[in-house]
>>> print(open('start_1.txt').read())   # compact mmCIF, C-alpha atoms
# COMPACT_ATOMS: atom_id res chain seq x y z
CA MET A 1 2.87 25.85 -56.86
CA LYS A 2 5.24 23.06 -57.82
CA LYS A 3 4.38 19.52 -56.87
CA ALA A 4 7.72 17.74 -57.16
CA ASP A 5 11.34 18.21 -58.11
CA PHE A 6 12.70 15.59 -60.46
CA ILE A 7 16.49 15.39 -60.15
CA ALA A 8 18.18 13.71 -63.12
CA PRO A 9 21.28 11.53 -62.48
CA ASP A 10 23.52 14.13 -64.12
CA ALA A 11 22.40 16.72 -61.57
CA TYR A 12 23.89 15.01 -58.53
CA PRO A 13 27.40 13.55 -57.91
CA GLN A 14 28.04 10.03 -59.22
CA PRO A 15 30.71 7.75 -57.72
CA VAL A 16 32.29 7.01 -61.11
CA SER A 17 32.35 8.53 -64.60
CA ARG A 18 30.01 7.17 -67.30
CA GLY A 19 32.93 5.47 -69.02
CA ASP A 20 34.10 3.79 -65.83
CA ALA A 21 30.51 2.79 -65.03
CA ALA A 22 30.20 1.01 -68.38
CA ARG A 23 33.55 -0.76 -67.84
CA ILE A 24 32.53 -1.80 -64.31
CA SER A 25 29.21 -3.11 -65.56
CA ARG A 26 30.87 -5.17 -68.31
CA ALA A 27 33.42 -6.56 -65.86
CA LEU A 28 30.77 -7.53 -63.29
CA LYS A 29 28.86 -9.51 -65.91
CA SER A 30 31.89 -11.40 -67.21
CA SER A 31 31.97 -15.16 -66.71
CA GLY A 32 35.38 -15.06 -64.98
CA VAL A 33 34.16 -12.62 -62.31
CA LEU A 34 30.94 -14.57 -61.77
CA GLU A 35 32.81 -17.87 -61.45
CA ASN A 36 35.22 -16.31 -59.00
CA GLY A 37 32.30 -14.94 -56.96
CA ALA A 38 30.59 -18.33 -56.89
CA ARG A 39 33.89 -19.83 -55.68
CA VAL A 40 34.05 -17.25 -52.86
CA ILE A 41 30.58 -18.28 -51.70
CA GLN A 42 31.49 -21.95 -51.88
CA GLN A 43 34.65 -21.37 -49.85
CA SER A 44 32.68 -19.40 -47.25
CA SER A 45 30.05 -22.09 -46.81
CA PRO A 46 31.68 -23.87 -43.79
CA LEU A 47 31.74 -20.55 -41.92
CA LEU A 48 28.21 -19.71 -43.00
CA ARG A 49 27.10 -23.17 -41.92
CA MET A 50 28.35 -22.41 -38.41
CA GLY A 51 26.30 -19.21 -38.49
CA VAL A 52 23.18 -21.13 -39.54
CA LEU A 53 23.73 -23.68 -36.76
CA ASP A 54 23.89 -20.80 -34.25
CA TYR A 55 20.48 -19.65 -35.49
CA VAL A 56 19.15 -23.22 -35.38
CA ARG A 57 20.17 -23.52 -31.72
CA ALA A 58 18.46 -20.20 -30.97
CA LEU A 59 15.36 -21.39 -32.83
CA GLU A 60 15.20 -24.58 -30.77
CA GLN A 61 15.37 -22.56 -27.56
CA ALA A 62 12.71 -20.12 -28.74
CA VAL A 63 9.81 -22.58 -29.06
CA GLY A 64 6.78 -20.93 -27.44
CA ASP A 65 7.99 -17.44 -28.28
CA LEU A 66 6.55 -16.96 -31.78
CA ALA A 67 8.19 -13.61 -32.47
CA THR A 68 11.64 -15.05 -31.81
CA VAL A 69 10.79 -18.24 -33.73
CA PHE A 70 9.87 -16.07 -36.73
CA ASP A 71 13.03 -13.96 -36.40
CA LYS A 72 15.33 -17.00 -36.26
CA ALA A 73 13.49 -18.91 -39.00
CA HIS A 74 13.72 -15.78 -41.13
CA GLU A 75 17.50 -15.60 -40.62
CA ILE A 76 17.83 -19.29 -41.42
CA ARG A 77 15.86 -19.04 -44.65
CA GLY A 78 17.99 -16.11 -45.75
CA PHE A 79 21.23 -17.81 -44.96
CA ALA A 80 20.92 -21.57 -45.26
CA GLU A 81 20.95 -21.96 -49.02
CA THR A 82 24.05 -19.77 -49.38
CA ALA A 83 25.64 -22.02 -46.74
CA GLY A 84 24.78 -25.10 -48.81
CA LEU A 85 21.89 -26.14 -46.52
CA ARG A 86 19.17 -26.15 -49.15
CA ALA A 87 16.58 -28.32 -47.36
CA THR A 88 17.04 -26.43 -44.08
CA GLY A 89 16.39 -23.18 -45.91
CA ARG A 90 13.36 -24.58 -47.66
CA ILE A 91 11.74 -25.80 -44.42
CA ALA A 92 12.54 -22.47 -42.68
CA ASP A 93 10.97 -20.66 -45.63
CA GLY A 94 7.83 -22.80 -45.21
CA LEU A 95 7.64 -21.93 -41.50
CA CYS A 96 8.05 -18.18 -42.22
CA ARG A 97 5.35 -18.27 -44.88
CA TYR A 98 2.99 -20.15 -42.54
CA LEU A 99 3.54 -17.63 -39.70
CA GLU A 100 3.16 -14.66 -42.07
CA GLU A 101 -0.05 -16.07 -43.53
CA ALA A 102 -1.52 -16.87 -40.09
CA ALA A 103 -0.73 -13.33 -38.94
CA LYS A 104 -2.33 -11.91 -42.08
CA LEU A 105 -5.51 -13.93 -41.40
CA GLY A 106 -5.46 -12.84 -37.77
CA VAL A 107 -5.47 -16.43 -36.45
CA ALA A 108 -3.16 -18.01 -33.88
CA ALA A 109 -0.43 -20.19 -35.37
CA ASP A 110 -0.94 -23.89 -34.63
CA SER A 111 1.72 -24.82 -32.08
CA ALA A 112 2.04 -28.38 -33.46
CA VAL A 113 2.74 -27.07 -36.98
CA VAL A 114 5.38 -24.73 -35.60
CA ALA A 115 6.97 -27.46 -33.46
CA LEU A 116 7.10 -29.90 -36.41
CA HIS A 117 8.81 -27.31 -38.60
CA VAL A 118 11.33 -26.46 -35.87
CA SER A 119 12.10 -30.12 -35.32
CA ALA A 120 12.56 -30.69 -39.08
CA ILE A 121 14.86 -27.66 -39.36
CA VAL A 122 17.02 -28.96 -36.51
CA ARG A 123 17.25 -32.45 -38.06
CA ALA A 124 17.94 -31.20 -41.57
CA ALA A 125 20.65 -28.75 -40.45
CA HIS A 126 22.52 -31.53 -38.64
CA ALA A 127 21.96 -34.28 -41.22
CA LYS A 128 24.99 -35.54 -43.13
CA ASP A 129 22.93 -35.88 -46.30
CA GLU A 130 21.16 -32.55 -45.82
CA ALA A 131 19.97 -32.23 -49.39
CA SER A 132 18.61 -35.78 -49.53
CA ARG A 133 15.35 -36.82 -51.12
CA MET A 134 13.99 -37.48 -47.63
CA SER A 135 14.53 -33.83 -46.68
CA ASP A 136 12.62 -32.78 -49.78
CA VAL A 137 9.76 -35.10 -48.82
CA VAL A 138 9.68 -33.66 -45.28
CA ALA A 139 9.64 -30.09 -46.65
CA ARG A 140 6.78 -30.99 -49.01
CA GLU A 141 4.75 -32.73 -46.29
CA LEU A 142 5.17 -29.83 -43.90
CA SER A 143 4.15 -27.40 -46.60
CA ALA A 144 0.98 -29.44 -47.23
CA LEU A 145 0.22 -29.56 -43.49
CA ALA A 146 0.65 -25.78 -43.15
CA ALA A 147 -1.60 -25.21 -46.19
CA HIS A 148 -4.23 -27.53 -44.70
CA LYS A 149 -4.18 -25.71 -41.34
CA LEU A 150 -4.47 -22.33 -43.05
CA ALA A 151 -7.39 -23.58 -45.14
CA GLU A 152 -9.09 -24.80 -41.94
CA ALA A 153 -8.55 -21.41 -40.34
CA LYS A 154 -10.00 -19.63 -43.40
CA THR A 155 -13.06 -21.89 -43.35
CA GLY A 156 -13.52 -21.16 -39.64
CA LEU A 157 -13.29 -17.43 -40.27
CA ALA A 158 -15.79 -17.62 -43.14
CA ALA A 159 -18.25 -19.57 -40.97
CA ASN A 160 -18.13 -16.95 -38.19
CA MET B 1 40.44 -6.52 -61.38
CA PRO B 2 43.53 -4.46 -60.56
CA GLY B 3 43.54 -0.94 -61.97
CA SER B 4 39.77 -0.89 -62.45
CA ALA B 5 37.49 1.87 -61.17
CA LEU B 6 36.15 -0.63 -58.66
CA GLU B 7 39.36 -0.24 -56.70
CA ARG B 8 38.48 3.39 -56.04
CA LEU B 9 35.03 2.62 -54.66
CA SER B 10 34.36 2.55 -50.94
CA VAL B 11 31.50 0.45 -49.63
CA LEU B 12 29.71 0.29 -46.27
CA ILE B 13 28.24 -3.06 -45.19
CA VAL B 14 25.45 -2.78 -42.60
CA GLU B 15 24.52 -6.24 -41.36
CA ASP B 16 24.02 -7.66 -37.88
CA ASN B 17 25.33 -11.10 -38.75
CA GLN B 18 29.11 -11.28 -38.75
CA HIS B 19 29.20 -14.32 -41.06
CA MET B 20 27.14 -12.49 -43.68
CA ARG B 21 29.33 -9.39 -43.28
CA SER B 22 32.37 -11.54 -43.84
CA LEU B 23 30.84 -13.15 -46.96
CA LEU B 24 29.89 -9.76 -48.43
CA ARG B 25 33.38 -8.42 -47.74
CA SER B 26 34.95 -11.44 -49.50
CA LEU B 27 32.65 -10.97 -52.51
CA LEU B 28 33.53 -7.26 -52.73
CA ASN B 29 37.23 -8.09 -52.37
CA SER B 30 36.91 -10.58 -55.23
CA ILE B 31 35.92 -7.76 -57.62
CA GLY B 32 38.73 -5.49 -56.47
CA ILE B 33 36.98 -3.32 -53.86
CA ARG B 34 39.39 -2.75 -51.00
CA GLU B 35 37.91 0.14 -49.02
CA ILE B 36 35.17 -1.54 -47.05
CA TYR B 37 33.60 -0.43 -43.77
CA GLU B 38 31.32 -2.52 -41.59
CA ALA B 39 28.57 -1.74 -39.09
CA GLY B 40 26.27 -4.06 -37.14
CA HIS B 41 23.16 -1.84 -37.25
CA GLY B 42 21.83 1.44 -38.61
CA SER B 43 23.02 3.74 -35.81
CA ALA B 44 26.58 2.42 -36.04
CA ALA B 45 26.44 2.85 -39.83
CA LEU B 46 25.42 6.50 -39.48
CA ALA B 47 28.45 7.03 -37.26
CA VAL B 48 30.67 5.52 -39.98
CA LEU B 49 29.10 7.76 -42.64
CA ALA B 50 29.68 10.86 -40.50
CA ASP B 51 33.38 10.11 -40.63
CA LYS B 52 34.06 8.27 -43.91
CA ARG B 53 33.21 8.84 -47.55
CA CYS B 54 31.26 5.90 -48.99
CA ASP B 55 30.06 5.38 -52.56
CA LEU B 56 27.66 2.53 -51.92
CA VAL B 57 25.82 0.90 -49.00
CA LEU B 58 24.81 -2.73 -48.69
CA SER B 59 22.30 -2.93 -45.84
CA ASP B 60 20.30 -5.65 -44.16
CA LEU B 61 16.66 -4.85 -43.42
CA SER B 62 16.12 -6.42 -39.97
CA MET B 63 18.55 -5.11 -37.39
CA LYS B 64 18.41 -3.70 -33.87
CA PRO B 65 18.37 -1.05 -32.50
CA MET B 66 18.05 0.73 -35.87
CA ASP B 67 16.82 -1.28 -38.85
CA GLY B 68 17.57 -0.76 -42.53
CA ILE B 69 14.39 1.24 -43.14
CA ASP B 70 15.08 3.87 -40.48
CA PHE B 71 18.73 3.95 -41.53
CA THR B 72 17.72 4.68 -45.14
CA ARG B 73 15.29 7.36 -44.00
CA GLU B 74 18.09 9.04 -42.02
CA ILE B 75 20.39 9.07 -45.04
CA ARG B 76 17.73 10.52 -47.32
CA GLN B 77 16.06 13.00 -44.99
CA SER B 78 18.26 13.96 -42.07
CA PRO B 79 19.85 17.42 -42.22
CA LYS B 80 22.96 15.71 -40.83
CA SER B 81 23.21 13.35 -43.83
CA THR B 82 26.49 13.79 -45.69
CA ASN B 83 25.12 12.36 -48.96
CA PRO B 84 21.33 12.02 -49.37
CA PHE B 85 21.87 10.55 -52.87
CA LEU B 86 23.96 7.63 -51.58
CA PRO B 87 23.00 4.40 -53.40
CA ILE B 88 21.59 1.81 -50.98
CA ILE B 89 21.14 -1.88 -51.79
CA MET B 90 18.75 -3.45 -49.28
CA ILE B 91 19.47 -7.13 -48.69
CA THR B 92 16.41 -8.90 -47.40
CA GLY B 93 14.79 -12.26 -47.00
CA HIS B 94 11.46 -10.63 -46.24
CA THR B 95 8.70 -11.43 -48.66
CA GLU B 96 6.11 -9.42 -46.77
CA LYS B 97 4.85 -6.81 -49.19
CA HIS B 98 4.40 -4.10 -46.56
CA ARG B 99 8.03 -4.34 -45.42
CA VAL B 100 9.38 -4.16 -48.95
CA GLU B 101 7.09 -1.21 -49.68
CA ALA B 102 8.21 0.52 -46.48
CA ALA B 103 11.86 0.12 -47.53
CA ARG B 104 11.07 1.44 -51.01
CA ASP B 105 9.21 4.42 -49.55
CA ALA B 106 12.16 5.16 -47.25
CA GLY B 107 14.30 5.61 -50.38
CA VAL B 108 16.11 2.33 -51.04
CA THR B 109 17.82 2.24 -54.44
CA GLU B 110 17.82 -1.52 -55.15
CA PHE B 111 16.70 -4.74 -53.44
CA LEU B 112 18.71 -7.93 -53.21
CA ALA B 113 16.78 -11.01 -52.09
CA LYS B 114 18.34 -13.62 -49.84
CA PRO B 115 19.71 -16.19 -50.41
CA ILE B 116 22.27 -14.06 -52.20
CA THR B 117 24.44 -15.23 -55.08
CA ALA B 118 27.52 -13.59 -56.56
CA GLN B 119 25.60 -13.00 -59.76
CA SER B 120 22.68 -11.24 -58.03
CA LEU B 121 24.95 -9.00 -55.95
CA PHE B 122 27.20 -8.04 -58.87
CA ALA B 123 24.16 -7.38 -61.09
CA ARG B 124 22.79 -4.86 -58.55
CA ILE B 125 26.14 -3.07 -58.29
CA ALA B 126 26.42 -2.94 -62.09
CA GLN B 127 22.88 -1.60 -62.34
CA ILE B 128 23.58 1.19 -59.83
CA MET B 129 26.81 2.22 -61.56
CA GLU B 130 25.58 2.07 -65.14
CA ASN B 131 21.98 3.25 -64.70
CA PRO B 132 21.88 5.62 -61.73
CA ARG B 133 18.33 6.46 -60.68
CA ALA B 134 16.79 9.90 -60.96
CA PHE B 135 15.65 11.35 -57.62
CA VAL B 136 12.32 12.83 -56.69
CA ARG B 137 11.74 15.44 -54.01
CA CYS B 138 8.19 16.26 -52.94
CA ALA B 139 6.34 17.02 -49.72
CA SER B 140 6.09 13.39 -48.66
CA TYR B 141 9.13 11.75 -50.26
CA PHE B 142 12.77 12.17 -51.13
CA GLY B 143 14.59 9.32 -52.81
CA PRO B 144 15.10 7.44 -56.07
CA ASP B 145 12.27 7.71 -58.56
CA ARG B 146 10.04 4.78 -57.63
CA ARG B 147 8.83 4.36 -61.19
CA ARG B 148 11.62 2.79 -63.16
CA LYS B 149 10.16 2.74 -66.65
CA ALA B 150 9.26 5.75 -68.72
CA GLN B 151 6.29 5.26 -71.03
CA GLU B 152 7.82 5.80 -74.43
CA ASP B 153 4.51 6.56 -76.11
CA TYR B 154 3.70 9.33 -73.63
CA ALA B 155 5.02 12.85 -74.25
CA GLY B 156 2.90 14.87 -71.80
CA PRO B 157 4.13 16.87 -68.81
CA TRP B 158 2.55 14.78 -66.01
CA ARG B 159 4.07 11.79 -64.25
CA ARG B 160 0.84 10.62 -62.62
CA SER B 161 -2.78 10.80 -63.66
CA ASP B 162 -3.54 13.15 -60.76
CA ASP B 163 -0.62 15.48 -61.48
CA THR B 164 -2.17 18.83 -62.18
CA GLN B 165 0.64 21.13 -61.21
CA ASP B 166 4.25 21.75 -62.22
CA VAL B 167 6.88 19.04 -62.13
CA HIS B 168 10.31 20.66 -62.14
CA VAL B 169 13.03 18.74 -63.93
CA ARG B 170 16.58 19.67 -63.05
>>> encode(input="start_1.txt", output="structure tokens")
Amino acid sequence: MKKADFIAPDAYPQPVSRGDAARISRALKSSGVLENGARVIQQSSPLLRMGVLDYVRALEQAVGDLATVFDKAHEIRGFAETAGLRATGRIADGLCRYLEEAAKLGVAADSAVVALHVSAIVRAAHAKDEASRMSDVVARELSALAAHKLAEAKTGLAAN
Amino acid sequence: MPGSALERLSVLIVEDNQHMRSLLRSLLNSIGIREIYEAGHGSAALAVLADKRCDLVLSDLSMKPMDGIDFTREIRQSPKSTNPFLPIIMITGHTEKHRVEAARDAGVTEFLAKPITAQSLFARIAQIMENPRAFVRCASYFGPDRRRKAQEDYAGPWRRSDDTQDVHVR
């Protein structure tokens, strides 16, 4: 009895010929195409920024509803850096990681840690100097706080 | 890139965020792709695929009512699927291992992590075009071969240590 069928790429339809595929691949790695693509992202950043701010507003309104907080923070972390909001993305990433880790440990997320992250995301997203050193410091401090709370939770679990 | 094979490609973007859809469309336009369809979730994307020929899918993971994992599963396994071999790039910000593994096991071809860059997107498209994946069909899975690297120093017939029966290569 056979266990599996292994279907080689030549045995099913491909969208382009091998020659075209090689030409496409070369073109997509060329510096001109990459520079043009980077320019497209840069030009789209005001629009993307509006999208991030929509998520930030939804995040602010979701405090207390952890599932929605996670959803919105997740969207922000995926989006913010592309929109040029590096610090906002970094803080949102920290919040997502904290919530994921707390869920993995099976402990309740600390509401103060969540509220501080949400507040920092809101401030960073609206700050004129979003990528300032201060934003980096805030992101670092929040990350340290989240790590401390998770370590406390782990110690509590080990003691029980 | 006028005149290039990229102009003949058609791409489906499945993403619930209109700003991200718009960005992806602009990036695809910048490399010469003109035939682009959009859907806000998996069910809407399946409706597009029932009606239009697409060569490539760029899909978000988290969407409602049908997410990118169920959408991929439908493409790979549904008897109604018009092309079960369709290449799917899953765009995700999720770092949770179980979600990425679930997407892989549903039959995703490539992953693209958010935040996206032009370079990362174009590299995935180039990879899919130039090095199409072999497919595997067995009792529990149909989709791209989940093991990307062949062991060059191995010449035996088995693909896994517990393979004791035939593996049919087409």
>>> residues_around(input="start_1.txt", residues="stretch 136-145 of chain B", least_positions_apart="2", cutoff="8 Å", atoms="only C-alpha atoms", output="list in words")
Lys3, Ala4, Asp5, Phe6 and Ile7 of chain A; Arg76, Gln77, Phe85, Asp105, Ala106, Gly107, Val108, Thr109, Arg133, Ala134, Arg147 and Arg148 of chain B
>>> write_last_selection(input="start_1.txt", atoms="C-alpha atoms", output="PDB file, keeping the file's coordinate frame")
ATOM      1  CA  LYS A   3       4.380  19.520 -56.870  1.00  0.00           C
ATOM      2  CA  ALA A   4       7.720  17.740 -57.160  1.00  0.00           C
ATOM      3  CA  ASP A   5      11.340  18.210 -58.110  1.00  0.00           C
ATOM      4  CA  PHE A   6      12.700  15.590 -60.460  1.00  0.00           C
ATOM      5  CA  ILE A   7      16.490  15.390 -60.150  1.00  0.00           C
TER       6      ILE A   7
ATOM      7  CA  ARG B  76      17.730  10.520 -47.320  1.00  0.00           C
ATOM      8  CA  GLN B  77      16.060  13.000 -44.990  1.00  0.00           C
ATOM      9  CA  PHE B  85      21.870  10.550 -52.870  1.00  0.00           C
ATOM     10  CA  ASP B 105       9.210   4.420 -49.550  1.00  0.00           C
ATOM     11  CA  ALA B 106      12.160   5.160 -47.250  1.00  0.00           C
ATOM     12  CA  GLY B 107      14.300   5.610 -50.380  1.00  0.00           C
ATOM     13  CA  VAL B 108      16.110   2.330 -51.040  1.00  0.00           C
ATOM     14  CA  THR B 109      17.820   2.240 -54.440  1.00  0.00           C
ATOM     15  CA  ARG B 133      18.330   6.460 -60.680  1.00  0.00           C
ATOM     16  CA  ALA B 134      16.790   9.900 -60.960  1.00  0.00           C
ATOM     17  CA  ARG B 147       8.830   4.360 -61.190  1.00  0.00           C
ATOM     18  CA  ARG B 148      11.620   2.790 -63.160  1.00  0.00           C
TER      19      ARG B 148
END
>>> closest_residue(input="start_1.txt", among="B:Ile69, B:Met20, B:Ser43, B:Asn29", to="B:Ile116", atoms="only C-alpha atoms")
B:Met20
>>> residues_around(input="start_1.txt", residues="A:Ile91", least_positions_apart="4", cutoff="8 Å", atoms="all atoms listed in the file", output="ChimeraX atom specification")
/A:77,87,95,117,120-121,139,142
>>> residues_around(input="start_1.txt", residues="A:Val122", least_positions_apart="4", cutoff="12 Å", atoms="all atoms listed in the file", output="compact mmCIF listing (two decimals) with C-alpha atoms, keeping the file's coordinate frame")
# COMPACT_ATOMS: atom_id res chain seq x y z
CA VAL A 52 23.18 -21.13 -39.54
CA LEU A 53 23.73 -23.68 -36.76
CA ASP A 54 23.89 -20.80 -34.25
CA TYR A 55 20.48 -19.65 -35.49
CA VAL A 56 19.15 -23.22 -35.38
CA ARG A 57 20.17 -23.52 -31.72
CA ALA A 58 18.46 -20.20 -30.97
CA LEU A 59 15.36 -21.39 -32.83
CA GLU A 60 15.20 -24.58 -30.77
CA GLN A 61 15.37 -22.56 -27.56
CA ALA A 73 13.49 -18.91 -39.00
CA ILE A 76 17.83 -19.29 -41.42
CA LEU A 85 21.89 -26.14 -46.52
CA ALA A 87 16.58 -28.32 -47.36
CA THR A 88 17.04 -26.43 -44.08
CA GLY A 89 16.39 -23.18 -45.91
CA ILE A 91 11.74 -25.80 -44.42
CA ALA A 92 12.54 -22.47 -42.68
CA ALA A 115 6.97 -27.46 -33.46
CA LEU A 116 7.10 -29.90 -36.41
CA HIS A 117 8.81 -27.31 -38.60
CA VAL A 118 11.33 -26.46 -35.87
CA HIS A 126 22.52 -31.53 -38.64
CA ALA A 127 21.96 -34.28 -41.22
CA GLU A 130 21.16 -32.55 -45.82
CA SER A 135 14.53 -33.83 -46.68
>>> residues_around(input="start_1.txt", residues="B:Thr117", least_positions_apart="3", cutoff="10 Å", atoms="all atoms listed in the file", output="number ranges by chain")
A: 34, 37-38, 41, 81-82; B: 27, 112-114, 120-123
>>> residues_near_point(input="start_1.txt", point="(35.5, -10.6, -61.5)", cutoff="10 Å", atoms="all atoms listed in the file", output="ChimeraX atom specification")
/A:24,26-37 /B:1,27-32,118,122
>>> residues_around(input="start_1.txt", residues="B:Ile88", least_positions_apart="6", cutoff="8 Å", atoms="all atoms listed in the file", output="PyMOL selection string")
chain B and resi 56-59+72+108-110
>>> closest_residue(input="start_1.txt", among="B:Met63, B:Ile91, B:Val100, B:Ile75", to="A:Asp71", atoms="all atoms listed in the file")
B:Met63
>>> atom_distance(input="start_1.txt", atom1="atom CA of B:Arg8", atom2="atom CA of A:Ser17")
11.7 Å
>>> atom_distance(input="start_1.txt", atom1="atom CA of B:Leu9", atom2="atom CA of B:Phe71")
21.0 Å
>>> build_atoms(input="start_1.txt", residues="stretch 72-88 of chain A", atoms="N, CA and C atoms", output="short mmCIF file (atom, residue, chain, number, x, y, z; two decimals), in the coordinates of the input")
data_model
loop_
_atom_site.label_atom_id
_atom_site.label_comp_id
_atom_site.auth_asym_id
_atom_site.auth_seq_id
_atom_site.Cartn_x
_atom_site.Cartn_y
_atom_site.Cartn_z
N LYS A 72 14.24 -16.02 -36.02
CA LYS A 72 15.33 -17.00 -36.26
C LYS A 72 15.08 -17.78 -37.55
N ALA A 73 13.81 -18.17 -37.77
CA ALA A 73 13.49 -18.91 -39.00
C ALA A 73 13.77 -18.02 -40.22
N HIS A 74 13.48 -16.74 -40.05
CA HIS A 74 13.72 -15.78 -41.13
C HIS A 74 15.22 -15.69 -41.44
N GLU A 75 16.05 -15.64 -40.40
CA GLU A 75 17.50 -15.60 -40.62
C GLU A 75 17.97 -16.88 -41.30
N ILE A 76 17.41 -18.00 -40.85
CA ILE A 76 17.83 -19.29 -41.42
C ILE A 76 17.47 -19.37 -42.91
N ARG A 77 16.26 -18.94 -43.25
CA ARG A 77 15.86 -19.04 -44.65
C ARG A 77 16.71 -18.13 -45.54
N GLY A 78 17.17 -17.01 -44.96
CA GLY A 78 17.99 -16.11 -45.75
C GLY A 78 19.42 -16.58 -45.94
N PHE A 79 19.83 -17.44 -45.07
CA PHE A 79 21.23 -17.81 -44.96
C PHE A 79 21.55 -19.22 -45.45
N ALA A 80 20.61 -20.14 -45.16
CA ALA A 80 20.92 -21.57 -45.26
C ALA A 80 21.35 -21.99 -46.67
N GLU A 81 20.64 -21.50 -47.66
CA GLU A 81 20.95 -21.96 -49.02
C GLU A 81 22.35 -21.49 -49.44
N THR A 82 22.70 -20.27 -49.07
CA THR A 82 24.05 -19.77 -49.38
C THR A 82 25.09 -20.62 -48.67
N ALA A 83 24.72 -21.17 -47.50
CA ALA A 83 25.64 -22.02 -46.74
C ALA A 83 25.62 -23.47 -47.23
N GLY A 84 24.85 -23.74 -48.27
CA GLY A 84 24.78 -25.10 -48.81
C GLY A 84 23.76 -25.98 -48.09
N LEU A 85 22.91 -25.37 -47.24
CA LEU A 85 21.89 -26.14 -46.52
C LEU A 85 20.52 -25.89 -47.16
N ARG A 86 20.34 -26.47 -48.34
CA ARG A 86 19.17 -26.15 -49.15
C ARG A 86 17.86 -26.57 -48.47
N ALA A 87 17.83 -27.82 -47.96
CA ALA A 87 16.58 -28.32 -47.36
C ALA A 87 16.24 -27.54 -46.09
N THR A 88 17.26 -27.21 -45.30
CA THR A 88 17.04 -26.43 -44.08
C THR A 88 16.39 -25.09 -44.44
#
